[in-house]
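Below is protein-v4.cif, which holds mmCIF, C-alpha atoms.
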```cif
data_run
#
loop_
_atom_site.group_PDB
_atom_site.id
_atom_site.type_symbol
_atom_site.label_atom_id
_atom_site.label_comp_id
_atom_site.auth_asym_id
_atom_site.auth_seq_id
_atom_site.Cartn_x
_atom_site.Cartn_y
_atom_site.Cartn_z
ATOM 1 C CA MET A 1 118.996 72.209 -139.747
ATOM 2 C CA SER A 2 116.275 69.608 -139.920
ATOM 3 C CA GLY A 3 114.502 68.662 -136.720
ATOM 4 C CA ALA A 4 115.552 71.804 -134.874
ATOM 5 C CA ARG A 5 112.970 74.071 -133.344
ATOM 6 C CA ILE A 6 113.792 77.736 -133.934
ATOM 7 C CA VAL A 7 112.794 80.491 -131.519
ATOM 8 C CA TYR A 8 113.346 84.106 -132.571
ATOM 9 C CA TYR A 9 113.976 86.993 -130.200
ATOM 10 C CA ASP A 10 110.946 89.287 -130.001
ATOM 11 C CA HIS A 11 112.240 92.868 -130.131
ATOM 12 C CA GLY A 12 108.887 94.118 -128.832
ATOM 13 C CA GLU A 13 108.994 91.957 -125.704
ATOM 14 C CA ARG A 14 110.970 92.775 -122.550
ATOM 15 C CA ALA A 15 114.369 91.060 -122.525
ATOM 16 C CA GLU A 16 113.732 89.735 -118.998
ATOM 17 C CA ALA A 17 110.789 87.753 -120.392
ATOM 18 C CA GLN A 18 113.161 86.000 -122.825
ATOM 19 C CA PRO A 19 115.849 84.528 -120.537
ATOM 20 C CA ARG A 20 117.478 82.247 -123.127
ATOM 21 C CA PHE A 21 118.820 85.323 -124.954
ATOM 22 C CA PRO A 22 121.966 86.572 -123.173
ATOM 23 C CA HIS A 23 122.585 90.255 -122.522
ATOM 24 C CA GLY A 24 125.523 92.208 -121.140
ATOM 25 C CA GLU A 25 126.633 95.400 -119.464
ATOM 26 C CA ALA A 26 129.566 97.774 -119.304
ATOM 27 C CA GLY A 27 130.806 100.556 -117.097
ATOM 28 C CA PRO A 28 133.806 102.491 -115.876
ATOM 29 C CA VAL A 29 136.362 101.066 -113.469
ATOM 30 C CA VAL A 30 138.045 103.486 -111.085
ATOM 31 C CA VAL A 31 141.307 102.257 -109.590
ATOM 32 C CA ALA A 32 142.279 103.828 -106.276
ATOM 33 C CA SER A 33 145.873 104.581 -105.298
ATOM 34 C CA ASN A 34 145.889 101.499 -103.026
ATOM 35 C CA GLY A 35 145.017 99.262 -106.008
ATOM 36 C CA GLU A 36 141.405 98.658 -105.045
ATOM 37 C CA TRP A 37 138.855 99.237 -107.764
ATOM 38 C CA THR A 38 135.191 100.070 -108.017
ATOM 39 C CA ALA A 39 132.963 99.499 -111.013
ATOM 40 C CA ASP A 40 129.600 100.818 -112.071
ATOM 41 C CA THR A 41 127.164 99.876 -114.838
ATOM 42 C CA GLU A 42 126.472 102.666 -117.322
ATOM 43 C CA VAL A 43 125.526 100.705 -120.445
ATOM 44 C CA TRP A 44 123.034 97.839 -120.500
ATOM 45 C CA ILE A 45 123.707 95.694 -123.578
ATOM 46 C CA SER A 46 120.508 94.203 -124.974
ATOM 47 C CA PRO A 47 120.344 90.631 -126.283
ATOM 48 C CA ASN A 48 120.239 92.154 -129.792
ATOM 49 C CA SER A 49 123.483 94.095 -129.302
ATOM 50 C CA HIS A 50 125.098 91.302 -127.286
ATOM 51 C CA CYS A 51 124.535 88.867 -130.145
ATOM 52 C CA ALA A 52 125.818 91.373 -132.719
ATOM 53 C CA LEU A 53 128.975 92.138 -130.684
ATOM 54 C CA LEU A 54 129.791 88.433 -130.492
ATOM 55 C CA ASN A 55 128.925 87.468 -134.065
ATOM 56 C CA HIS A 56 130.534 90.480 -135.743
ATOM 57 C CA GLY A 57 133.821 89.645 -133.979
ATOM 58 C CA VAL A 58 133.900 92.708 -131.715
ATOM 59 C CA ALA A 59 134.160 90.604 -128.537
ATOM 60 C CA ARG A 60 137.054 88.659 -130.101
ATOM 61 C CA GLU A 61 138.868 91.919 -130.948
ATOM 62 C CA LEU A 62 138.348 93.241 -127.424
ATOM 63 C CA GLY A 63 139.638 89.989 -125.949
ATOM 64 C CA ALA A 64 142.794 90.212 -128.059
ATOM 65 C CA ILE A 65 143.885 93.430 -126.330
ATOM 66 C CA GLU A 66 146.802 92.614 -124.028
ATOM 67 C CA SER A 67 145.557 94.948 -121.280
ATOM 68 C CA VAL A 68 142.302 93.021 -120.799
ATOM 69 C CA GLU A 69 142.011 90.811 -117.745
ATOM 70 C CA GLY A 70 139.472 88.034 -118.162
ATOM 71 C CA SER A 71 137.765 86.613 -121.204
ATOM 72 C CA VAL A 72 135.420 88.773 -123.289
ATOM 73 C CA GLY A 73 132.290 86.966 -124.428
ATOM 74 C CA ASN A 74 131.885 84.252 -121.793
ATOM 75 C CA GLY A 75 129.257 86.060 -119.699
ATOM 76 C CA LEU A 76 131.717 87.027 -116.967
ATOM 77 C CA ASP A 77 133.399 90.345 -116.212
ATOM 78 C CA ALA A 78 136.466 91.342 -118.201
ATOM 79 C CA LEU A 79 138.459 94.356 -117.037
ATOM 80 C CA VAL A 80 140.165 96.723 -119.465
ATOM 81 C CA ALA A 81 143.151 98.625 -118.091
ATOM 82 C CA PRO A 82 142.954 102.427 -118.301
ATOM 83 C CA ALA A 83 145.791 102.486 -120.851
ATOM 84 C CA ALA A 84 143.671 100.429 -123.286
ATOM 85 C CA ALA A 85 140.429 102.444 -123.038
ATOM 86 C CA GLU A 86 141.222 104.468 -126.174
ATOM 87 C CA ARG A 87 141.871 101.272 -128.141
ATOM 88 C CA VAL A 88 138.487 99.936 -126.990
ATOM 89 C CA ALA A 89 136.818 103.140 -128.213
ATOM 90 C CA ARG A 90 138.420 102.676 -131.656
ATOM 91 C CA ILE A 91 137.129 99.103 -131.848
ATOM 92 C CA PHE A 92 133.587 100.324 -131.095
ATOM 93 C CA TYR A 93 133.897 103.110 -133.700
ATOM 94 C CA GLU A 94 135.073 100.622 -136.324
ATOM 95 C CA ALA A 95 132.233 98.230 -135.457
ATOM 96 C CA ASP A 96 129.737 101.055 -135.971
ATOM 97 C CA ARG A 97 131.070 101.718 -139.474
ATOM 98 C CA GLN A 98 130.346 98.103 -140.440
ATOM 99 C CA THR A 99 126.648 98.021 -139.510
ATOM 100 C CA TYR A 100 125.108 99.731 -142.511
ATOM 101 C CA GLY A 101 123.191 98.148 -145.360
ATOM 102 C CA ALA A 102 122.965 94.499 -144.352
ATOM 103 C CA ARG A 103 120.536 92.250 -142.497
ATOM 104 C CA TYR A 104 121.854 89.725 -140.014
ATOM 105 C CA ASP A 105 120.271 86.623 -138.503
ATOM 106 C CA PHE A 106 122.494 85.133 -135.786
ATOM 107 C CA LEU A 107 122.367 82.168 -133.448
ATOM 108 C CA ALA A 108 122.256 83.501 -129.876
ATOM 109 C CA CYS A 109 122.010 80.240 -127.953
ATOM 110 C CA LEU A 110 121.554 76.527 -128.606
ATOM 111 C CA ASP A 111 119.906 73.847 -126.470
ATOM 112 C CA GLU A 112 120.591 70.266 -127.515
ATOM 113 C CA ALA A 113 118.409 68.286 -125.119
ATOM 114 C CA PRO A 114 115.808 67.058 -124.783
ATOM 115 C CA VAL A 115 114.975 68.627 -128.168
ATOM 116 C CA ARG A 116 117.326 70.745 -130.264
ATOM 117 C CA VAL A 117 116.239 74.405 -130.000
ATOM 118 C CA GLU A 118 118.012 77.293 -131.754
ATOM 119 C CA TYR A 119 117.495 80.722 -130.211
ATOM 120 C CA ARG A 120 118.108 83.269 -132.962
ATOM 121 C CA ILE A 121 118.075 87.055 -133.328
ATOM 122 C CA GLN A 122 117.417 89.062 -136.465
ATOM 123 C CA ILE A 123 119.655 92.014 -135.640
ATOM 124 C CA ASP A 124 118.029 95.423 -135.296
ATOM 125 C CA ASN A 125 120.918 97.536 -136.634
ATOM 126 C CA ARG A 126 119.500 100.816 -135.329
ATOM 127 C CA GLU A 127 119.410 99.532 -131.745
ATOM 128 C CA TYR A 128 122.881 98.016 -132.178
ATOM 129 C CA GLN A 129 124.231 101.352 -133.449
ATOM 130 C CA GLN A 130 122.733 103.144 -130.435
ATOM 131 C CA THR A 131 124.447 100.679 -128.098
ATOM 132 C CA LEU A 132 127.749 101.128 -129.929
ATOM 133 C CA SER A 133 127.372 104.892 -129.531
ATOM 134 C CA ARG A 134 126.885 104.513 -125.759
ATOM 135 C CA LEU A 135 129.884 102.155 -125.586
ATOM 136 C CA GLN A 136 132.000 104.637 -127.581
ATOM 137 C CA PHE A 137 131.058 107.408 -125.151
ATOM 138 C CA LEU A 138 131.862 105.174 -122.168
ATOM 139 C CA ALA A 139 135.278 104.215 -123.586
ATOM 140 C CA THR A 140 136.312 107.738 -124.631
ATOM 141 C CA THR A 141 135.201 109.148 -121.267
ATOM 142 C CA ALA A 142 137.132 106.420 -119.438
ATOM 143 C CA ALA A 143 140.230 107.178 -121.525
ATOM 144 C CA ARG A 144 139.939 110.901 -120.865
ATOM 145 C CA HIS A 145 139.658 110.374 -117.076
ATOM 146 C CA GLY A 146 142.223 107.572 -116.753
ATOM 147 C CA HIS A 147 139.630 104.920 -115.867
ATOM 148 C CA GLY A 148 139.388 101.331 -116.942
ATOM 149 C CA ILE A 149 136.302 99.590 -118.314
ATOM 150 C CA ARG A 150 134.321 96.588 -117.110
ATOM 151 C CA LEU A 151 132.681 94.550 -119.882
ATOM 152 C CA ARG A 152 130.324 91.641 -119.392
ATOM 153 C CA LEU A 153 129.409 89.966 -122.671
#
```
Written as structure tokens, that's how I'd like the structure from this file.
Amino acid sequence: MSGARIVYYDHGERAEAQPRFPHGEAGPVVVASNGEWTADTEVWISPNSHCALLNHGVARELGAIESVEGSVGNGLDALVAPAAAERVARIFYEADRQTYGARYDFLACLDEAPVRVEYRIQIDNREYQQTLSRLQFLATTAARHGHGIRLRL
């Protein structure tokens, strides 16, 4: 796009020093017998993995699960019911199988004013695969223990 300034994510820099690149988190949700729930954060999702999850369609697939309360991919919490935790694990496993052999350059964020700035990430597949592995472990553990999952993407 002509006239746009492009800023790339620096994988060597701390994510906190690059606030225009969104990140996420995930963790188990334990539902008590009285219906109250508690959530914890077990997986921090880097801007690299956050961008890959959105642009590879993983967030869209997760949001299509009927047992998900909230929208996946809008930066707010989405809660996955315990009954859907195994399905979430399968989505993460399938996403991992699709990461090999390609290079990706995705738009992470766009500012239009006062000057158009594109914030982009060249995906580090190895880091993305490590995040998917942690998310797979979280989802399979939640399924095994009858817990739900909190996702913030």
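Between CA of Tyr104 (chain A) and CA of Gln122 (chain A) there is a distance of 5.7 Å.
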Q | Nearby residues (all atoms listed in the file) at most 10 Å from Tyr9 (chain A), same-chain spacing under 6 positions excluded, as a list in words | A |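 Here the qualifying residues turn out to be Ala15, Gln18, Arg20, Phe21, Pro47, Asn48, Ala108, Tyr119, Arg120, Ile121, Gln122 and Ile123 of chain A.
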Residues within 10 Å of region 34-38 of chain A, please, as a compact mmCIF listing (two decimals) with C-alpha atoms, in the coordinates of the input. Count all atoms listed in the file; anything in the same chain fewer than 3 positions from it doesn't count.
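Wrote it out as around-v1.txt, contents follow:
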```txt
# COMPACT_ATOMS: atom_id res chain seq x y z
CA PRO A 28 133.81 102.49 -115.88
CA VAL A 29 136.36 101.07 -113.47
CA VAL A 30 138.04 103.49 -111.08
CA VAL A 31 141.31 102.26 -109.59
CA HIS A 147 139.63 104.92 -115.87
CA GLY A 148 139.39 101.33 -116.94
CA ARG A 150 134.32 96.59 -117.11
```
Q) Counting all atoms listed in the file, what is within 6 Å of Leu153 (chain A), bar same-chain residues fewer than 6 positions away, as a ChimeraX atom specification? A) /A:24,73,75
Return as AutoDock Vina command-line options the centre and edge lengths, in Å with one decimal, of the box along x, y and z that encloses every atom of region 130-144 of chain A in the file, padded by 4 Å per side.
```
--center_x 131.5 --center_y 105.8 --center_z -124.9 --size_x 25.5 --size_y 18.2 --size_z 19.0
```
Q: One decimal, Å: what's the distance from CA of Thr99 (chain A) over to CA of Gln136 (chain A), could you say?
A: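 Between these atoms lies a distance of 14.7 Å.
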**Q.** Residues near Val115 (chain A), cut-off 12 Å, all atoms listed in the file, skip fewer than 5 positions along chain, as number ranges by chain
**A.** A: 2-6, 110
